[in-house]
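Asks: One structure, as structure tokens, below. Some questions next.
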Amino acid sequence: MIYLDHNATTPPSAAVVAAMLPVLTSVWANASSQHGPGQDARRVLAAARASVAKALGCKTAEVVFTSGATEANHLAVRGLLGAAPAGRARVLFSSVEHAGHLKLARALASAGTPVEFLPVCADGTLDIDAAAQRIGPDVALVSLMAANNETGVLMPVAGVAALAHAAGARLHVDATQFIGKQPFCFADSGADAVSLSAHKLHGPKGVGALLLRQGVALAPQVLGSQERGRRGGTENLAGIAGLAAALEELGDIAAESVRLSGLRDALEAGLARALPGLHVWGQRVPRLPGTSYLRFGQLPAEVVLQRLERLDVAASSGAACSSGGSEPSHVLSAMGVPPEEALAAVRLSLGRGTQAADIEHLLAALPPLLAPLFLTSPLEPT
């Protein structure tokens with residue numbers, strides 16, 4: 001199988017599995033216990049925290065382990081909002097945040113929190129002028145993804161950080177797609193809080209972290225003594241060891257970024273030559289090196305994905321399935337893309353395991369399956 005869905009999840013690496021196994025079999029005690037086995041677990045936890053902090057350019061005290069990026073996002077937004085000074089209640093989200101994060105935004109709005117959504121331009125980048133107009137003295141925090149999970153488009157984190165801090169507001173960044181694909185240093189990011197998830201960078205599922213700048217107040221959402229009182233609950237020690245191992249083996253991220261960009265560009269250029277109806281979203285703005293968000297003419301995404309399955313290629317659609325059928329991607333809708341075009345979106349996301357031979361195979365095999373369909377598109381899935 002050719003796996004081109006790395007933005008959804010990545011396979012745990014051999015080094016990650018090797019780091020987790022001893023913790024699962026030998027160092028399984030509670031790190032809060034005072035006896036010998038508990039202290040062994042505590043040392044593993046401390047070593048993993050130090051490793052994560054070193055890899056991400058932060059202090060060990062700034063690392064809060066969570067069950068993943070979703071929990072980290074909730075903890076950041078609710079926690080920063082709960083600790084905001086009187087008179088600061090408004091929360092701003094970009095309109096293209098992850099669908100799960102937008103559910104949080106709507107839940108806050110339903111409970112009475114003033115919530116606004118920052119628009120994006122037609123190319124998927126944040127409208128920084130609109131952000132400047134809306135970030136005012138009543139804003140508690142701005143929540144912005146570092147890179148979009150569908151288009152791969154990078155967001156102006158530094159610019160928004162400057163605007164937020166000038167207004168006295170906090171900035172939370174969801175770096176779930178960014179960390180592991182682009183060089184990152186928390187100390188230099190400008191963010192007050194940053195979320196990440198292990199399974200996006202060849203770590204295990206069910207573990208992530210919130211990086212919280214020292215001195216920034218946070219109202220805990222799960223009470224307990226763990227994580228300096230910021231996130232209660234017995235630590236997922238094996239998962240945390242896996243996260244640390246995943247970050248340790250990232251290697252030269254800049255070099256890998258160049259490699260993946262080359263493969264992505266070759267894929268898009270080859271498909272464009274063979275299929276003149278191809279459209280690539282985010283192609284002319286900075287984006288993640290391995291993300292290619294495509295529309296094959298007006299062919300529905302399901303049609304294209306079925307052909308990819310015949311070739312044993314794993315990919316994903318830009319449309320979110322709902323009980324009522326298929327809905328256009330909220331990201332593309334925010335970019336002004338018509339529904340019929342948004343429903344044709346297919347995401348191919350490359351990763352560490354993607355090789356040139358995979359791209360060559362796809363370029364040789366996919367166009368012959370799709371080219372005849374352009375004569376009769378749009379089509380219903382078959």
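Chain labels run A, B, ... following the order of the structure tokens; each chain numbers its residues from 1, and ligands are numbered from 1 in the order shown.
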Run DSSP on the backbone of this structure and report the residues of stretch 54-149 of chain A it assigns to alpha helix (DSSP H), as a VMD selection string.
Replies: chain A and resid 54 to 56 69 to 82 99 to 110 128 to 134
Asks: In terms of the shortest atom-to-atom distance over only C-alpha atoms, which of A:Ser333, A:Ser261, A:Gln34, A:Ser67 is closest to A:Pro204?
Replies: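 Looking only at the distances to A:Pro204, the closest residue turns out to be A:Ser67.
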Asks: Using DSSP secondary structure from the backbone, list all strand (DSSP E) positions within stretch 34-275 of chain A, as a PyMOL selection string.
Replies: chain A and resi 63-66+90-94+115-118+139-145+170-174+193-197+208-212
Asks: Store the residues picked out above, limited to N, CA and C atoms, as a JSON list (two decimals), in the first residue's frame.
Replies:
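Result file is again.json:
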```json
[["chain", "number", "residue", "atom", "x", "y", "z"],
["A", 63, "VAL", "N", 6.01, 22.31, 29.94],
["A", 63, "VAL", "CA", 5.41, 21.15, 29.27],
["A", 63, "VAL", "C", 4.30, 20.57, 30.13],
["A", 64, "VAL", "N", 3.09, 20.54, 29.58],
["A", 64, "VAL", "CA", 1.94, 19.93, 30.25],
["A", 64, "VAL", "C", 1.47, 18.76, 29.38],
["A", 65, "PHE", "N", 1.62, 17.55, 29.87],
["A", 65, "PHE", "CA", 1.23, 16.38, 29.08],
["A", 65, "PHE", "C", -0.30, 16.21, 29.11],
["A", 66, "THR", "N", -0.86, 15.86, 27.96],
["A", 66, "THR", "CA", -2.31, 15.69, 27.81],
["A", 66, "THR", "C", -2.57, 14.39, 27.06],
["A", 90, "ARG", "N", -13.77, 38.25, 25.16],
["A", 90, "ARG", "CA", -13.95, 37.87, 23.76],
["A", 90, "ARG", "C", -12.84, 36.92, 23.32],
["A", 91, "VAL", "N", -13.22, 35.91, 22.53],
["A", 91, "VAL", "CA", -12.29, 34.92, 22.03],
["A", 91, "VAL", "C", -12.38, 34.89, 20.51],
["A", 92, "LEU", "N", -11.24, 34.91, 19.85],
["A", 92, "LEU", "CA", -11.19, 34.90, 18.38],
["A", 92, "LEU", "C", -10.57, 33.59, 17.89],
["A", 93, "PHE", "N", -11.22, 32.96, 16.95],
["A", 93, "PHE", "CA", -10.71, 31.76, 16.27],
["A", 93, "PHE", "C", -10.58, 32.09, 14.79],
["A", 94, "SER", "N", -9.65, 31.45, 14.11],
["A", 94, "SER", "CA", -9.68, 31.58, 12.66],
["A", 94, "SER", "C", -10.85, 30.74, 12.14],
["A", 115, "VAL", "N", -17.72, 35.07, 20.91],
["A", 115, "VAL", "CA", -16.79, 34.37, 20.02],
["A", 115, "VAL", "C", -16.89, 34.98, 18.63],
["A", 116, "GLU", "N", -15.75, 35.22, 18.00],
["A", 116, "GLU", "CA", -15.72, 35.70, 16.62],
["A", 116, "GLU", "C", -14.75, 34.85, 15.81],
["A", 117, "PHE", "N", -14.99, 34.83, 14.50],
["A", 117, "PHE", "CA", -14.15, 34.04, 13.61],
["A", 117, "PHE", "C", -13.42, 34.96, 12.64],
["A", 118, "LEU", "N", -12.11, 34.82, 12.60],
["A", 118, "LEU", "CA", -11.30, 35.65, 11.71],
["A", 118, "LEU", "C", -11.33, 35.08, 10.29],
["A", 139, "VAL", "N", -10.38, 41.51, 24.16],
["A", 139, "VAL", "CA", -10.08, 40.14, 23.73],
["A", 139, "VAL", "C", -9.25, 39.42, 24.79],
["A", 140, "ALA", "N", -9.71, 38.24, 25.18],
["A", 140, "ALA", "CA", -8.97, 37.42, 26.15],
["A", 140, "ALA", "C", -7.88, 36.64, 25.44],
["A", 141, "LEU", "N", -8.23, 36.02, 24.32],
["A", 141, "LEU", "CA", -7.23, 35.26, 23.58],
["A", 141, "LEU", "C", -7.64, 35.07, 22.13],
["A", 142, "VAL", "N", -6.62, 34.79, 21.33],
["A", 142, "VAL", "CA", -6.79, 34.41, 19.93],
["A", 142, "VAL", "C", -6.30, 32.98, 19.81],
["A", 143, "SER", "N", -7.05, 32.13, 19.11],
["A", 143, "SER", "CA", -6.65, 30.74, 18.89],
["A", 143, "SER", "C", -6.48, 30.52, 17.40],
["A", 144, "LEU", "N", -5.29, 30.13, 17.02],
["A", 144, "LEU", "CA", -4.94, 30.06, 15.59],
["A", 144, "LEU", "C", -4.08, 28.82, 15.32],
["A", 145, "MET", "N", -4.40, 28.08, 14.29],
["A", 145, "MET", "CA", -3.57, 26.95, 13.90],
["A", 145, "MET", "C", -2.30, 27.45, 13.20],
["A", 170, "ARG", "N", -3.85, 37.00, 24.92],
["A", 170, "ARG", "CA", -3.01, 35.82, 24.81],
["A", 170, "ARG", "C", -3.19, 35.19, 23.42],
["A", 171, "LEU", "N", -2.18, 34.44, 23.00],
["A", 171, "LEU", "CA", -2.26, 33.70, 21.74],
["A", 171, "LEU", "C", -2.03, 32.22, 21.99],
["A", 172, "HIS", "N", -3.03, 31.41, 21.58],
["A", 172, "HIS", "CA", -2.88, 29.96, 21.58],
["A", 172, "HIS", "C", -2.71, 29.50, 20.14],
["A", 173, "VAL", "N", -1.75, 28.61, 19.92],
["A", 173, "VAL", "CA", -1.47, 28.09, 18.59],
["A", 173, "VAL", "C", -1.64, 26.57, 18.59],
["A", 174, "ASP", "N", -2.47, 26.09, 17.68],
["A", 174, "ASP", "CA", -2.61, 24.65, 17.46],
["A", 174, "ASP", "C", -1.56, 24.27, 16.41],
["A", 193, "ALA", "N", 0.70, 29.70, 24.36],
["A", 193, "ALA", "CA", 0.39, 28.29, 24.54],
["A", 193, "ALA", "C", 0.37, 27.61, 23.17],
["A", 194, "VAL", "N", 0.90, 26.40, 23.11],
["A", 194, "VAL", "CA", 0.98, 25.65, 21.85],
["A", 194, "VAL", "C", 0.56, 24.20, 22.09],
["A", 195, "SER", "N", -0.31, 23.70, 21.23],
["A", 195, "SER", "CA", -0.80, 22.32, 21.32],
["A", 195, "SER", "C", -0.11, 21.43, 20.29],
["A", 196, "LEU", "N", 0.10, 20.17, 20.68],
["A", 196, "LEU", "CA", 0.66, 19.19, 19.74],
["A", 196, "LEU", "C", 0.17, 17.80, 20.07],
["A", 197, "SER", "N", 0.32, 16.89, 19.12],
["A", 197, "SER", "CA", -0.13, 15.51, 19.29],
["A", 197, "SER", "C", 0.94, 14.56, 18.78],
["A", 208, "GLY", "N", -0.34, 13.79, 23.99],
["A", 208, "GLY", "CA", 0.09, 15.04, 23.38],
["A", 208, "GLY", "C", 0.59, 15.96, 24.47],
["A", 209, "ALA", "N", 0.64, 17.23, 24.16],
["A", 209, "ALA", "CA", 1.13, 18.18, 25.16],
["A", 209, "ALA", "C", 0.61, 19.57, 24.86],
["A", 210, "LEU", "N", 0.54, 20.36, 25.93],
["A", 210, "LEU", "CA", 0.33, 21.79, 25.82],
["A", 210, "LEU", "C", 1.58, 22.46, 26.34],
["A", 211, "LEU", "N", 2.19, 23.29, 25.52],
["A", 211, "LEU", "CA", 3.32, 24.10, 25.96],
["A", 211, "LEU", "C", 2.77, 25.42, 26.46],
["A", 212, "LEU", "N", 3.01, 25.73, 27.71],
["A", 212, "LEU", "CA", 2.45, 26.92, 28.33],
["A", 212, "LEU", "C", 3.59, 27.80, 28.83]]
```
Asks: Tell me which protein, DNA and RNA residues are within 12 Å of A:Leu201, counting only C-alpha atoms, leaving out same-chain ones fewer than 4 positions away, and put them as a ChimeraX atom specification.
Replies: /A:6-13,16,175-182,196-197,205,207-208,242-251,253,351-353
Asks: Write out as JSON, numbers by chain which residues come within 9 Å of A:Ala162 when counting only C-alpha atoms, dropping same-chain ones fewer than 5 positions away.
Replies: {"A": [157, 167, 190]}
Asks: Given only C-alpha atoms as the basis, pick out the residue of A:Arg213, A:His199, A:Arg88, A:Arg307 nearest to A:Gly57.
Replies: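 Smallest distance to A:Gly57 is found for A:Arg213.
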Asks: Of the candidates A:Glu327, A:Asp138, A:Asp40, A:Glu71, which shows the shortest atom-to-atom distance to A:Leu104, using only C-alpha atoms?
Replies: A:Glu71
Asks: Pick out the residues sitting within 12 Å of A:Ala272, and hand them over as a VMD selection string; count only C-alpha atoms, and ignore anything fewer than 3 positions along from it in its own chain.
Replies: chain A and resid 265 to 269 275 to 280 294 to 297 363 366 to 367 371
Asks: Please, could you write that set of residues out with C-alpha atoms as a PDB file, in the first residue's frame?
Replies:
```pdb
ATOM      1  CA  ASP A 265       5.894  19.364  -6.520  1.00  0.00           C
ATOM      2  CA  ALA A 266       6.742  16.449  -8.811  1.00  0.00           C
ATOM      3  CA  LEU A 267       3.385  14.854  -8.011  1.00  0.00           C
ATOM      4  CA  GLU A 268       1.423  18.024  -8.726  1.00  0.00           C
ATOM      5  CA  ALA A 269       3.356  18.829 -11.898  1.00  0.00           C
ATOM      6  CA  LEU A 275      -4.918  15.903 -16.330  1.00  0.00           C
ATOM      7  CA  PRO A 276      -5.458  19.501 -17.506  1.00  0.00           C
ATOM      8  CA  GLY A 277      -8.446  19.961 -15.191  1.00  0.00           C
ATOM      9  CA  LEU A 278      -6.286  19.683 -12.075  1.00  0.00           C
ATOM     10  CA  HIS A 279      -6.464  22.472  -9.476  1.00  0.00           C
ATOM     11  CA  VAL A 280      -4.228  22.781  -6.398  1.00  0.00           C
ATOM     12  CA  LEU A 294      -6.385  18.804  -5.189  1.00  0.00           C
ATOM     13  CA  ARG A 295      -9.467  19.030  -7.357  1.00  0.00           C
ATOM     14  CA  PHE A 296      -9.586  16.793 -10.426  1.00  0.00           C
ATOM     15  CA  GLY A 297     -11.846  18.920 -12.586  1.00  0.00           C
ATOM     16  CA  LEU A 363       1.711   9.303 -11.857  1.00  0.00           C
ATOM     17  CA  LEU A 366      -3.801   7.241 -11.792  1.00  0.00           C
ATOM     18  CA  PRO A 367      -4.196   9.456 -14.913  1.00  0.00           C
ATOM     19  CA  ALA A 371      -8.766  10.846 -17.844  1.00  0.00           C
TER      20      ALA A 371
END
```
Asks: List the spatial neighbours of A:Val216 as a list of chain:residue names - criterion: any atom at most 12 Å away, only C-alpha atoms, same-chain residues fewer than 4 positions off excluded.
Replies: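 Using only C-alpha atoms, the neighbours found are A:Ala61, A:Glu62, A:Ala76, A:Gly79, A:Leu80, A:Leu81, A:Gly82, A:Ala83, A:Ala84, A:Pro85, A:Ala169, A:Arg170, A:Leu171, A:His172, A:Ala191, A:Asp192, A:Ala193, A:Leu211, A:Leu212, A:Arg230.
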Asks: Keeping only C-alpha atoms, write the selected residues to a file as a PDB file, in the first residue's frame.
Replies:
```pdb
ATOM      1  CA  ALA A  61       8.138  23.502  33.531  1.00  0.00           C
ATOM      2  CA  GLU A  62       6.357  24.691  30.384  1.00  0.00           C
ATOM      3  CA  ALA A  76      -5.574  26.196  26.436  1.00  0.00           C
ATOM      4  CA  GLY A  79      -7.893  27.680  30.747  1.00  0.00           C
ATOM      5  CA  LEU A  80      -6.627  30.966  29.332  1.00  0.00           C
ATOM      6  CA  LEU A  81     -10.165  32.316  29.138  1.00  0.00           C
ATOM      7  CA  GLY A  82     -10.839  31.299  32.736  1.00  0.00           C
ATOM      8  CA  ALA A  83      -7.698  33.101  33.903  1.00  0.00           C
ATOM      9  CA  ALA A  84      -8.278  36.249  31.835  1.00  0.00           C
ATOM     10  CA  PRO A  85      -8.577  39.584  33.669  1.00  0.00           C
ATOM     11  CA  ALA A 169      -4.420  39.356  24.792  1.00  0.00           C
ATOM     12  CA  ARG A 170      -3.006  35.816  24.805  1.00  0.00           C
ATOM     13  CA  LEU A 171      -2.260  33.703  21.737  1.00  0.00           C
ATOM     14  CA  HIS A 172      -2.882  29.959  21.578  1.00  0.00           C
ATOM     15  CA  ALA A 191       2.735  32.064  21.355  1.00  0.00           C
ATOM     16  CA  ASP A 192       1.608  31.857  24.967  1.00  0.00           C
ATOM     17  CA  ALA A 193       0.388  28.286  24.540  1.00  0.00           C
ATOM     18  CA  LEU A 211       3.324  24.096  25.965  1.00  0.00           C
ATOM     19  CA  LEU A 212       2.454  26.922  28.333  1.00  0.00           C
ATOM     20  CA  ARG A 230      -2.579  22.230  35.532  1.00  0.00           C
TER      21      ARG A 230
END
```
Asks: Using only C-alpha atoms, which residues sit within 12 Å of A:Gln133 once same-chain residues fewer than 2 positions away are excluded, as a PyMOL selection string?
Replies: chain A and resi 92+118-119+127-131+135-137+139+160+163-164+167
Asks: A:Thr234, A:Ser189, A:Gln39, A:Asn148: which is nearest A:Gly124, counting only C-alpha atoms?
Replies: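 Answer, going by the shortest atom-to-atom distance: A:Asn148.
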Asks: Would you mind reading off the distance between atom CA of A:Ala47 and atom CA of A:Glu256, one decimal, in Å?
Replies: 26.7 Å
Asks: Work out how far apart atom CA of A:Gly239 and atom CA of A:Ala198 are and give it in Å to one decimal.
Replies: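 Separating atom CA of A:Gly239 from atom CA of A:Ala198 is a distance of 8.4 Å.
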